[in-house]
$ cat model.tsv   # TSV, C-alpha atoms (C1' of nucleotides)
chain	number	residue	atom	x	y	z
P	1	MET	CA	-19.14	56.22	37.04
P	2	PHE	CA	-20.86	52.91	36.62
P	3	PHE	CA	-20.50	50.00	39.02
P	4	PHE	CA	-21.80	46.50	38.54
P	5	ASN	CA	-23.47	46.47	41.91
P	6	HIS	CA	-25.56	43.45	41.10
P	7	PHE	CA	-22.40	41.41	40.85
P	8	MET	CA	-21.51	39.99	44.26
P	9	ARG	CA	-17.81	40.09	44.91
P	10	ILE	CA	-15.87	37.53	46.91
P	11	ILE	CA	-12.74	39.06	48.38
P	12	MET	CA	-10.03	37.30	50.34
P	13	HIS	CA	-7.46	38.84	52.67
P	14	VAL	CA	-4.36	36.77	53.39
P	15	ASP	CA	-2.17	37.72	56.33
P	16	LEU	CA	1.07	35.89	57.17
P	17	ASP	CA	1.22	35.07	60.89
P	18	ALA	CA	3.97	36.76	62.95
P	19	PHE	CA	5.79	36.98	59.64
P	20	PHE	CA	9.24	38.34	60.58
P	21	ALA	CA	9.54	35.94	63.50
P	22	ALA	CA	8.26	33.05	61.39
P	23	VAL	CA	10.97	33.67	58.78
P	24	GLU	CA	13.62	33.69	61.51
P	25	GLU	CA	12.29	30.41	62.94
P	26	ARG	CA	12.28	28.92	59.48
P	27	ARG	CA	16.00	29.46	58.98
P	28	LYS	CA	16.96	28.77	62.63
P	29	PRO	CA	14.92	25.72	63.67
P	30	GLU	CA	16.46	25.82	67.15
P	31	LEU	CA	14.24	28.86	67.82
P	32	LYS	CA	11.06	26.76	67.57
P	33	GLY	CA	9.09	26.89	70.78
P	34	ARG	CA	11.09	29.78	72.22
P	35	PRO	CA	9.87	33.36	72.60
P	36	VAL	CA	11.28	35.33	69.65
P	37	VAL	CA	11.22	39.11	69.32
P	38	VAL	CA	12.29	40.76	66.06
P	39	GLY	CA	13.09	44.46	66.36
P	40	ALA	CA	15.59	46.93	67.76
P	41	ASP	CA	18.54	45.89	69.92
P	42	PRO	CA	17.22	45.77	73.53
P	43	LYS	CA	20.68	46.59	74.99
P	44	GLU	CA	19.79	45.04	78.33
P	45	GLY	CA	16.78	47.28	78.65
P	46	ARG	CA	18.37	50.52	77.45
P	47	GLY	CA	17.58	50.13	73.74
P	48	ARG	CA	15.68	52.87	71.91
P	49	GLY	CA	13.63	51.15	69.23
P	50	VAL	CA	10.44	49.12	69.21
P	51	VAL	CA	9.28	45.55	68.62
P	52	SER	CA	8.57	44.80	64.95
P	53	THR	CA	7.16	41.30	65.43
P	54	ALA	CA	6.69	39.11	68.46
P	55	ASN	CA	6.05	35.40	67.90
P	56	TYR	CA	3.18	33.73	69.73
P	57	GLU	CA	5.38	32.35	72.53
P	58	SER	CA	6.63	35.86	73.36
P	59	ARG	CA	3.09	37.24	73.19
P	60	ARG	CA	2.31	35.06	76.20
P	61	TYR	CA	4.57	37.42	78.17
P	62	GLY	CA	2.57	40.42	77.00
P	63	ILE	CA	5.02	41.44	74.29
P	64	ARG	CA	3.37	43.11	71.26
P	65	SER	CA	4.53	44.76	68.06
P	66	GLY	CA	5.04	48.49	68.38
P	67	MET	CA	5.99	48.17	72.04
P	68	PRO	CA	9.25	49.84	73.18
P	69	ILE	CA	11.96	47.19	73.00
P	70	ALA	CA	13.16	48.06	76.51
P	71	ARG	CA	9.77	47.16	77.89
P	72	ALA	CA	9.72	43.89	75.96
P	73	TYR	CA	13.10	43.09	77.48
P	74	ARG	CA	11.77	43.67	80.97
P	75	LEU	CA	8.76	41.44	80.28
P	76	CYS	CA	10.94	38.56	79.10
P	77	PRO	CA	14.73	39.01	79.28
P	78	ASN	CA	15.24	35.41	78.14
P	79	ALA	CA	13.46	35.88	74.84
P	80	VAL	CA	15.56	35.63	71.68
P	81	PHE	CA	15.96	39.19	70.40
P	82	LEU	CA	16.82	39.44	66.70
P	83	PRO	CA	17.47	42.41	64.40
P	84	VAL	CA	15.15	43.10	61.46
P	85	ASP	CA	16.49	41.52	58.26
P	86	PHE	CA	14.11	43.17	55.83
P	87	ALA	CA	15.93	41.97	52.70
P	88	GLU	CA	15.36	38.36	53.72
P	89	TYR	CA	11.69	38.97	54.57
P	90	GLU	CA	11.22	40.56	51.18
P	91	ARG	CA	12.74	37.58	49.39
P	92	VAL	CA	10.45	35.17	51.23
P	93	SER	CA	7.48	37.50	50.74
P	94	ASP	CA	8.03	37.55	46.97
P	95	LYS	CA	7.81	33.76	46.84
P	96	VAL	CA	4.61	33.68	48.88
P	97	MET	CA	3.02	36.45	46.82
P	98	ARG	CA	3.75	34.51	43.65
P	99	ILE	CA	1.79	31.59	45.08
P	100	LEU	CA	-1.15	33.79	46.10
P	101	ARG	CA	-1.31	35.58	42.76
P	102	ASN	CA	-2.12	32.29	41.03
P	103	TYR	CA	-5.38	32.00	42.89
P	104	ALA	CA	-6.80	35.43	42.05
P	105	GLU	CA	-8.13	37.24	39.04
P	106	LYS	CA	-7.16	40.48	40.66
P	107	PHE	CA	-4.37	40.64	43.19
P	108	GLU	CA	-3.18	43.46	45.45
P	109	GLN	CA	-0.16	43.21	47.70
P	110	VAL	CA	-0.78	45.55	50.64
P	111	SER	CA	2.50	45.12	52.48
P	112	VAL	CA	5.30	42.61	52.88
P	113	ASP	CA	2.99	40.19	54.70
P	114	GLU	CA	-0.54	40.92	53.42
P	115	ALA	CA	-2.52	40.70	50.21
P	116	PHE	CA	-6.05	40.98	48.85
P	117	LEU	CA	-7.35	38.48	46.29
P	118	ASP	CA	-10.47	39.03	44.23
P	119	VAL	CA	-11.70	35.49	43.59
P	120	SER	CA	-15.23	36.45	42.44
P	121	GLY	CA	-14.91	34.93	39.00
P	122	ARG	CA	-13.32	31.71	40.16
P	123	THR	CA	-15.86	30.65	42.76
P	124	LYS	CA	-19.60	30.41	42.76
P	125	ASP	CA	-20.07	31.02	46.50
P	126	PHE	CA	-18.41	31.56	49.87
P	127	ASP	CA	-18.17	27.83	50.62
P	128	GLU	CA	-16.10	27.31	47.54
P	129	ALA	CA	-13.99	30.35	48.45
P	130	LYS	CA	-13.27	28.79	51.82
P	131	LYS	CA	-11.98	25.64	50.09
P	132	ILE	CA	-9.66	27.81	48.01
P	133	GLY	CA	-8.48	29.47	51.20
P	134	GLU	CA	-7.63	26.10	52.73
P	135	LYS	CA	-5.74	25.14	49.59
P	136	ILE	CA	-3.76	28.38	49.78
P	137	GLN	CA	-2.86	27.74	53.41
P	138	ARG	CA	-1.66	24.22	52.58
P	139	GLU	CA	0.44	25.38	49.65
P	140	VAL	CA	2.06	28.24	51.58
P	141	MET	CA	2.85	25.85	54.43
P	142	GLU	CA	4.23	23.10	52.18
P	143	LYS	CA	6.30	25.32	49.92
P	144	GLU	CA	7.45	28.04	52.33
P	145	GLY	CA	6.79	26.58	55.78
P	146	LEU	CA	4.69	29.57	56.81
P	147	SER	CA	1.31	29.90	58.46
P	148	CYS	CA	-1.25	32.43	57.28
P	149	SER	CA	-4.67	33.61	58.38
P	150	ILE	CA	-7.42	34.26	55.87
P	151	GLY	CA	-10.55	36.39	55.90
P	152	ILE	CA	-13.24	36.11	53.23
P	153	GLY	CA	-16.02	38.63	52.71
P	154	PRO	CA	-17.98	40.65	50.16
P	155	ASN	CA	-15.39	43.46	50.15
P	156	LYS	CA	-11.87	44.37	51.27
P	157	LEU	CA	-12.99	45.98	54.51
P	158	VAL	CA	-14.82	42.90	55.78
P	159	ALA	CA	-12.17	40.46	54.50
P	160	LYS	CA	-9.42	42.36	56.29
P	161	ILE	CA	-11.22	42.43	59.62
P	162	ALA	CA	-12.20	38.78	59.22
P	163	SER	CA	-8.61	37.61	58.72
P	164	ARG	CA	-7.71	38.88	62.19
P	165	HIS	CA	-10.55	36.95	63.75
P	166	GLU	CA	-8.96	33.51	64.05
P	167	LYS	CA	-5.25	34.07	64.16
P	168	PRO	CA	-3.02	32.21	63.70
P	169	GLY	CA	-3.83	29.84	60.90
P	170	GLY	CA	-7.61	30.31	60.77
P	171	ILE	CA	-10.11	31.06	58.04
P	172	THR	CA	-13.05	33.32	58.77
P	173	VAL	CA	-15.87	33.66	56.28
P	174	VAL	CA	-18.34	36.53	56.64
P	175	GLU	CA	-21.17	36.39	54.14
P	176	SER	CA	-23.05	39.55	53.22
P	177	LYS	CA	-26.02	38.72	55.39
P	178	ARG	CA	-23.75	38.29	58.42
P	179	VAL	CA	-21.72	41.48	57.95
P	180	LYS	CA	-23.84	43.68	60.17
P	181	ALA	CA	-23.80	41.27	63.10
P	182	PHE	CA	-20.09	40.56	62.65
P	183	LEU	CA	-19.11	44.23	62.77
P	184	SER	CA	-21.56	45.62	65.30
P	185	ARG	CA	-19.77	44.61	68.50
P	186	LEU	CA	-16.29	45.66	67.38
P	187	LYS	CA	-14.49	48.72	68.69
P	188	PRO	CA	-14.29	51.55	66.13
P	189	SER	CA	-10.48	51.31	66.05
P	190	GLU	CA	-10.80	47.85	64.55
P	191	LEU	CA	-11.98	49.50	61.34
P	192	TRP	CA	-9.29	50.46	58.84
P	193	GLY	CA	-8.30	54.11	59.22
P	194	ILE	CA	-9.74	54.66	62.69
P	195	GLY	CA	-7.02	54.90	65.32
P	196	PRO	CA	-6.84	56.00	68.96
P	197	LYS	CA	-7.53	59.70	68.27
P	198	THR	CA	-10.60	59.12	66.17
P	199	GLU	CA	-11.85	56.49	68.58
P	200	ALA	CA	-11.53	59.00	71.43
P	201	GLY	CA	-13.40	61.57	69.33
P	202	LEU	CA	-16.18	59.08	68.71
P	203	ALA	CA	-16.36	58.29	72.42
P	204	GLU	CA	-16.99	61.99	73.06
P	205	LEU	CA	-20.08	61.62	70.88
P	206	GLY	CA	-21.14	58.62	72.95
P	207	ILE	CA	-20.16	56.18	70.21
P	208	LYS	CA	-18.32	53.16	71.60
P	209	THR	CA	-19.01	50.39	69.09
P	210	VAL	CA	-19.11	49.95	65.34
P	211	GLY	CA	-22.83	49.19	65.67
P	212	GLU	CA	-23.42	52.60	67.26
P	213	LEU	CA	-21.27	54.27	64.60
P	214	ALA	CA	-23.38	52.68	61.87
P	215	GLU	CA	-26.52	54.25	63.36
P	216	ALA	CA	-25.00	57.64	64.23
P	217	ASP	CA	-26.32	60.94	62.87
P	218	PRO	CA	-24.34	61.72	59.68
P	219	GLN	CA	-24.58	65.48	60.30
P	220	MET	CA	-23.02	65.09	63.73
P	221	LEU	CA	-20.16	63.04	62.26
P	222	LEU	CA	-19.63	65.61	59.52
P	223	GLU	CA	-19.31	68.40	62.06
P	224	LYS	CA	-16.88	66.46	64.22
P	225	PHE	CA	-14.65	64.84	61.57
P	226	GLY	CA	-15.24	66.76	58.36
P	227	SER	CA	-15.71	64.77	55.19
P	228	LEU	CA	-14.17	61.70	56.82
P	229	GLY	CA	-17.11	61.42	59.25
P	230	PRO	CA	-19.70	60.09	56.82
P	231	GLN	CA	-17.06	57.69	55.44
P	232	TYR	CA	-16.56	56.21	58.90
P	233	ARG	CA	-20.28	55.57	59.05
P	234	LEU	CA	-20.26	53.76	55.70
P	235	MET	CA	-17.39	51.59	56.90
P	236	ALA	CA	-19.30	50.79	60.07
P	237	GLN	CA	-22.17	49.60	57.89
P	238	GLY	CA	-19.77	47.28	56.10
P	239	ILE	CA	-20.00	49.23	52.86
P	240	ASP	CA	-16.81	49.31	50.79
P	241	GLU	CA	-16.74	49.35	46.99
P	242	SER	CA	-12.99	49.85	46.64
P	243	PRO	CA	-11.56	47.55	44.01
P	244	VAL	CA	-8.67	45.14	44.42
P	245	ALA	CA	-6.09	47.30	42.66
P	246	GLU	CA	-3.33	45.53	40.79
P	247	GLU	CA	-0.79	48.28	41.22
P	248	TRP	CA	-0.29	51.70	42.64
P	249	GLU	CA	2.43	54.23	42.08
P	250	VAL	CA	5.13	55.26	44.51
P	251	LYS	CA	4.59	58.82	45.72
P	252	SER	CA	7.65	59.45	47.83
P	253	VAL	CA	10.93	57.93	48.98
P	254	GLY	CA	12.38	58.70	52.39
P	255	ARG	CA	14.81	57.55	55.04
P	256	GLU	CA	15.08	58.51	58.68
P	257	HIS	CA	17.37	57.86	61.60
P	258	THR	CA	16.96	57.99	65.35
P	259	PHE	CA	20.24	58.75	67.11
P	260	GLU	CA	21.40	56.39	69.85
P	261	LYS	CA	21.66	59.44	72.09
P	262	ASP	CA	20.06	62.83	71.49
P	263	VAL	CA	22.60	65.12	69.81
P	264	GLU	CA	23.31	68.82	69.78
P	265	GLU	CA	26.43	69.04	67.61
P	266	PRO	CA	25.44	70.37	64.18
P	267	GLU	CA	28.24	68.39	62.47
P	268	VAL	CA	26.74	65.13	63.68
P	269	VAL	CA	23.32	66.08	62.35
P	270	TYR	CA	24.70	67.22	58.99
P	271	ALA	CA	26.70	64.02	58.68
P	272	ALA	CA	23.55	61.99	59.31
P	273	LEU	CA	21.67	64.06	56.75
P	274	ASN	CA	24.30	63.34	54.11
P	275	LYS	CA	24.08	59.64	54.80
P	276	LEU	CA	20.29	59.75	54.43
P	277	ALA	CA	20.63	61.75	51.21
P	278	SER	CA	22.83	59.11	49.62
P	279	ARG	CA	20.44	56.34	50.68
P	280	VAL	CA	17.44	58.20	49.26
P	281	CYS	CA	19.44	58.90	46.13
P	282	GLY	CA	20.30	55.22	45.74
P	283	GLU	CA	16.65	54.26	46.05
P	284	LEU	CA	15.58	56.87	43.49
P	285	GLU	CA	18.19	55.69	41.01
P	286	GLU	CA	17.28	52.07	41.57
P	287	THR	CA	13.58	52.67	41.05
P	288	GLY	CA	14.13	55.20	38.24
P	289	PHE	CA	12.49	58.36	39.57
P	290	TRP	CA	13.17	62.04	39.47
P	291	TYR	CA	11.91	64.20	42.34
P	292	LYS	CA	10.72	67.76	42.86
P	293	THR	CA	10.16	68.32	46.59
P	294	ILE	CA	12.55	67.77	49.49
P	295	THR	CA	11.20	67.40	53.03
P	296	ILE	CA	13.25	67.11	56.17
P	297	LYS	CA	11.88	65.93	59.47
P	298	ILE	CA	13.27	66.77	62.87
P	299	ARG	CA	12.25	65.26	66.17
P	300	PHE	CA	13.59	66.90	69.33
P	301	HIS	CA	14.46	65.07	72.53
P	302	ASP	CA	10.97	65.80	73.90
P	303	PHE	CA	9.39	64.18	70.82
P	304	GLU	CA	8.20	67.50	69.39
P	305	THR	CA	8.35	66.90	65.64
P	306	HIS	CA	8.56	69.30	62.71
P	307	THR	CA	8.83	69.05	58.96
P	308	HIS	CA	10.19	71.61	56.50
P	309	SER	CA	9.92	71.23	52.78
P	310	LYS	CA	10.92	72.99	49.61
P	311	SER	CA	10.02	72.38	46.00
P	312	LEU	CA	12.52	72.86	43.23
P	313	PRO	CA	11.47	74.91	40.18
P	314	ARG	CA	11.36	71.65	38.21
P	315	SER	CA	11.93	67.98	38.86
P	316	THR	CA	15.44	66.66	38.79
P	317	GLY	CA	17.40	63.43	38.88
P	318	GLU	CA	20.40	65.13	40.44
P	319	CYS	CA	21.01	63.99	43.97
P	320	ARG	CA	23.06	66.94	45.16
P	321	PHE	CA	19.89	68.96	45.81
P	322	LEU	CA	18.87	66.45	48.45
P	323	GLU	CA	21.94	67.37	50.43
P	324	GLU	CA	22.04	71.08	49.60
P	325	VAL	CA	18.38	71.87	50.11
P	326	GLY	CA	18.21	69.46	53.02
P	327	ALA	CA	21.01	71.32	54.78
P	328	GLU	CA	19.33	74.65	54.08
P	329	LEU	CA	16.04	73.42	55.58
P	330	LEU	CA	17.83	71.93	58.56
P	331	GLY	CA	19.62	75.14	59.58
P	332	PRO	CA	16.83	76.79	61.60
P	333	PHE	CA	16.42	73.71	63.79
P	334	LEU	CA	20.02	73.57	64.98
P	335	GLY	CA	21.52	75.20	68.05
P	336	GLY	CA	18.40	74.82	70.20
P	337	LYS	CA	16.96	71.66	71.64
P	338	LYS	CA	18.76	68.34	71.38
P	339	ILE	CA	17.78	66.29	68.38
P	340	ARG	CA	16.46	62.73	68.56
P	341	LEU	CA	15.66	61.99	64.91
P	342	ILE	CA	16.37	63.30	61.46
P	343	GLY	CA	14.55	62.29	58.30
P	344	LEU	CA	14.77	63.13	54.61
P	345	ARG	CA	12.09	62.48	51.99
P	346	ALA	CA	11.86	63.12	48.26
P	347	SER	CA	8.38	63.51	46.73
P	348	GLY	CA	6.75	64.77	43.58
P	349	LEU	CA	8.20	61.74	41.85
P	350	VAL	CA	8.10	61.29	38.08
P	351	PRO	CA	9.60	58.44	36.07
P	352	ALA	CA	13.13	59.29	34.96
P	353	ALA	CA	12.40	57.90	31.53
P	354	GLY	CA	10.71	60.70	29.61
P	355	GLN	CA	12.18	63.42	31.82
P	356	GLU	CA	15.61	62.99	30.28
P	357	LYS	CA	14.22	63.82	26.87
P	358	LEU	CA	12.76	67.06	28.17
P	359	ALA	CA	15.89	68.11	30.03
R	1	DT	C1'	6.26	52.30	78.95
R	2	DC	C1'	8.87	56.35	76.69
R	3	DT	C1'	7.82	55.89	72.05
R	4	DG	C1'	11.44	52.69	64.70
R	5	DG	C1'	11.18	53.29	59.93
R	6	DG	C1'	8.80	52.81	55.79
R	7	DG	C1'	4.91	54.95	53.81
R	8	DT	C1'	-0.26	57.15	52.47
R	9	DC	C1'	-3.92	60.40	52.75
R	10	DC	C1'	-6.34	64.53	54.50
R	11	DT	C1'	-6.77	69.43	55.95
R	12	DA	C1'	-6.07	74.19	55.66
R	13	DG	C1'	-4.26	78.70	54.53
R	14	DG	C1'	-1.91	81.45	51.19
R	15	DA	C1'	0.02	82.42	46.58
R	16	DC	C1'	-0.96	82.78	42.05
R	17	DC	C1'	-3.48	82.50	37.70
R	18	DC	C1'	-7.43	83.21	34.67
Q	1	DT	C1'	-12.95	101.26	46.09
Q	2	DC	C1'	-15.45	98.00	49.67
Q	3	DT	C1'	-13.69	93.17	46.89
Q	4	DG	C1'	-16.04	86.63	42.62
Q	5	DG	C1'	-14.94	82.04	41.90
Q	6	DG	C1'	-12.49	78.05	40.37
Q	7	DG	C1'	-8.23	75.55	39.97
Q	8	DT	C1'	-3.61	74.26	41.23
Q	9	DC	C1'	0.59	74.42	43.70
Q	10	DC	C1'	3.17	75.01	47.96
Q	11	DT	C1'	3.90	74.28	52.82
Q	12	DA	C1'	3.09	72.39	57.66
Q	13	DG	C1'	0.92	69.37	60.51
Q	14	DG	C1'	-1.49	65.29	61.88
Q	15	DA	C1'	-3.78	60.68	61.80
Q	16	DC	C1'	-3.09	56.33	60.47
Q	17	DC	C1'	-1.22	51.72	58.66
Q	18	DC	C1'	2.20	47.72	58.66
$ encode --input "model.tsv" --output "structure tokens"
Amino acid sequence: MFFFNHFMRIIMHVDLDAFFAAVEERRKPELKGRPVVVGADPKEGRGRGVVSTANYESRRYGIRSGMPIARAYRLCPNAVFLPVDFAEYERVSDKVMRILRNYAEKFEQVSVDEAFLDVSGRTKDFDEAKKIGEKIQREVMEKEGLSCSIGIGPNKLVAKIASRHEKPGGITVVESKRVKAFLSRLKPSELWGIGPKTEAGLAELGIKTVGELAEADPQMLLEKFGSLGPQYRLMAQGIDESPVAEEWEVKSVGREHTFEKDVEEPEVVYAALNKLASRVCGELEETGFWYKTITIKIRFHDFETHTHSKSLPRSTGECRFLEEVGAELLGPFLGGKKIRLIGLRASGLVPAAGQEKLA
DNA sequence: TCTGGGGTCCTAGGACCC
DNA sequence: TCTGGGGTCCTAGGACCC
């Protein structure tokens, strides 16, 4: 493998601010200035889901994404609670992404509200990149009425962390020579791929900041975290050579459902499974994939979660196996504890085109 | 506080093959 | 008869991200 390491990259990360809530405010101007929470139905504090997006007004009450919706309701019962309209967010997202794509040589959409732009060949330095960032913010605001935050750095890792730095609506530039100082005071969980568990594991080693992680003994990290350990250390040093990848392939398609109340009747669970199977099937047909492996997921009332999977002898485009094999895998879980969630996933995907010829 | 739904990637043991 | 080594697939679980 040969990398052009002498070539300094300039990478931009664009993150739409409170995206779901911003789209709702855009189509219902009367929401402007009010606390808006997009997510599950709060049901007067008895709802089961979580907050998807809280706008900045509702964040003043302590509401955050990922928080149980019932808790959000208690924090601010007068907030406007709206259901997630993913189809609409996707339509708006597509328009924004088309704008962003124009500014980059290489473009990678990370999720519905985030993208990386490699602008190395279109700018001579970070100052010029910042001007491009400002132009992007103006265009997204004028054409779609949405605010975005931008981070600019020598790689994806730094750009991504930088974009969070001055939310909402800011631009943060971190040049190579400032990377070390910029990262060193952060908590490890602010790095991509380090969550609460890993952060706790690092704390056991006496590592509380990214700066300390960057200096840590690689052997010690290897023993504690396996091959991931040394990678954490590289991240902490701000090293990331991963390219802005134009496209990546879908690996699996799944759907899951949390029951309003935990259930014990097998018929109810089987009925839910069949519904999931037809939704997964629809998605596979729409995207043109055959599948090989079926995985079901069960979560009991106490949150204990299991998966069971089975691979077919060869890949297939026939949906009936989702239901049949799914039901077979589900059997052993029924008749015991009450069930909170059921999920169904198809993996081992191959494009349908080409398979039909072999079949 | 009582935890959604869509995903990806990694680990690890065992089967199986050469 | 005292037990190789590499590769790949399958399965279950877990951490993590948005």
$ closest_residue --input "model.tsv" --among "P:Ile296, P:Cys281, P:Ala70, P:Val325" --to "chain Q" --atoms "only C-alpha atoms (C1' of nucleotides)"
P:Ile296
$ residues_around --input "model.tsv" --residues "range 8-13 of chain R" --least-positions-apart "2" --cutoff "9 Å" --atoms "all atoms listed in the file" --output "PDB file with C-alpha atoms (C1' of nucleotides), keeping the file's coordinate frame"
ATOM      1  CA  LEU P 228     -14.170  61.700  56.820  1.00  0.00           C
ATOM      2  CA  LYS P 251       4.590  58.820  45.720  1.00  0.00           C
TER       3      LYS P 251
ATOM      4  C1'  DG Q  13       0.920  69.370  60.510  1.00  0.00           C
ATOM      5  C1'  DG Q  14      -1.490  65.290  61.880  1.00  0.00           C
ATOM      6  C1'  DA Q  15      -3.780  60.680  61.800  1.00  0.00           C
ATOM      7  C1'  DC Q  16      -3.090  56.330  60.470  1.00  0.00           C
ATOM      8  C1'  DC Q  17      -1.220  51.720  58.660  1.00  0.00           C
TER       9       DC Q  17
END
$ atom_distance --input "model.tsv" --atom1 "CA of Ile10 in chain P" --atom2 "CA of Ile99 in chain P"
18.7 Å
$ interface_residues --input "model.tsv" --of "chain P" --to "chain Q" --cutoff "7 Å" --atoms "all atoms listed in the file" --output "number ranges by chain"
P: 111, 193, 195, 307, 309
$ atom_distance --input "model.tsv" --atom1 "CA of Val92 in chain P" --atom2 "CA of Leu344 in chain P"
28.5 Å
$ atom_distance --input "model.tsv" --atom1 "CA of Phe19 in chain P" --atom2 "CA of Val253 in chain P"
24.1 Å
$ closest_residue --input "model.tsv" --among "P:Met235, P:Phe7, P:Ile161, P:Val174" --to "Glu190 in chain P" --atoms "only C-alpha atoms"
P:Ile161
$ residues_around --input "model.tsv" --residues "Arg71 in chain P" --least-positions-apart "4" --cutoff "9 Å" --atoms "all atoms listed in the file" --output "JSON, numbers by chain"
{"P": [42, 45, 50, 63, 67, 75, 76], "R": [1]}
$ decode --input "model.tsv" --residues "chain R" --atoms "C-alpha atoms (C1' of nucleotides)" --output "tab-separated table (two decimals), in the first residue's frame"
chain	number	residue	atom	x	y	z
R	1	DT	C1'	-34.33	8.08	34.25
R	2	DC	C1'	-35.77	3.20	32.67
R	3	DT	C1'	-33.79	2.82	28.32
R	4	DG	C1'	-36.12	3.57	19.87
R	5	DG	C1'	-34.73	1.99	15.55
R	6	DG	C1'	-31.58	2.00	11.92
R	7	DG	C1'	-27.08	0.27	11.28
R	8	DT	C1'	-21.49	-1.13	11.50
R	9	DC	C1'	-17.55	-3.47	13.26
R	10	DC	C1'	-15.01	-6.58	16.41
R	11	DT	C1'	-14.22	-10.86	19.12
R	12	DA	C1'	-14.14	-15.60	19.92
R	13	DG	C1'	-14.99	-20.52	19.68
R	14	DG	C1'	-16.12	-24.33	16.78
R	15	DA	C1'	-16.82	-26.65	12.31
R	16	DC	C1'	-14.82	-27.80	8.27
R	17	DC	C1'	-11.47	-28.01	4.52
R	18	DC	C1'	-6.88	-28.59	2.53
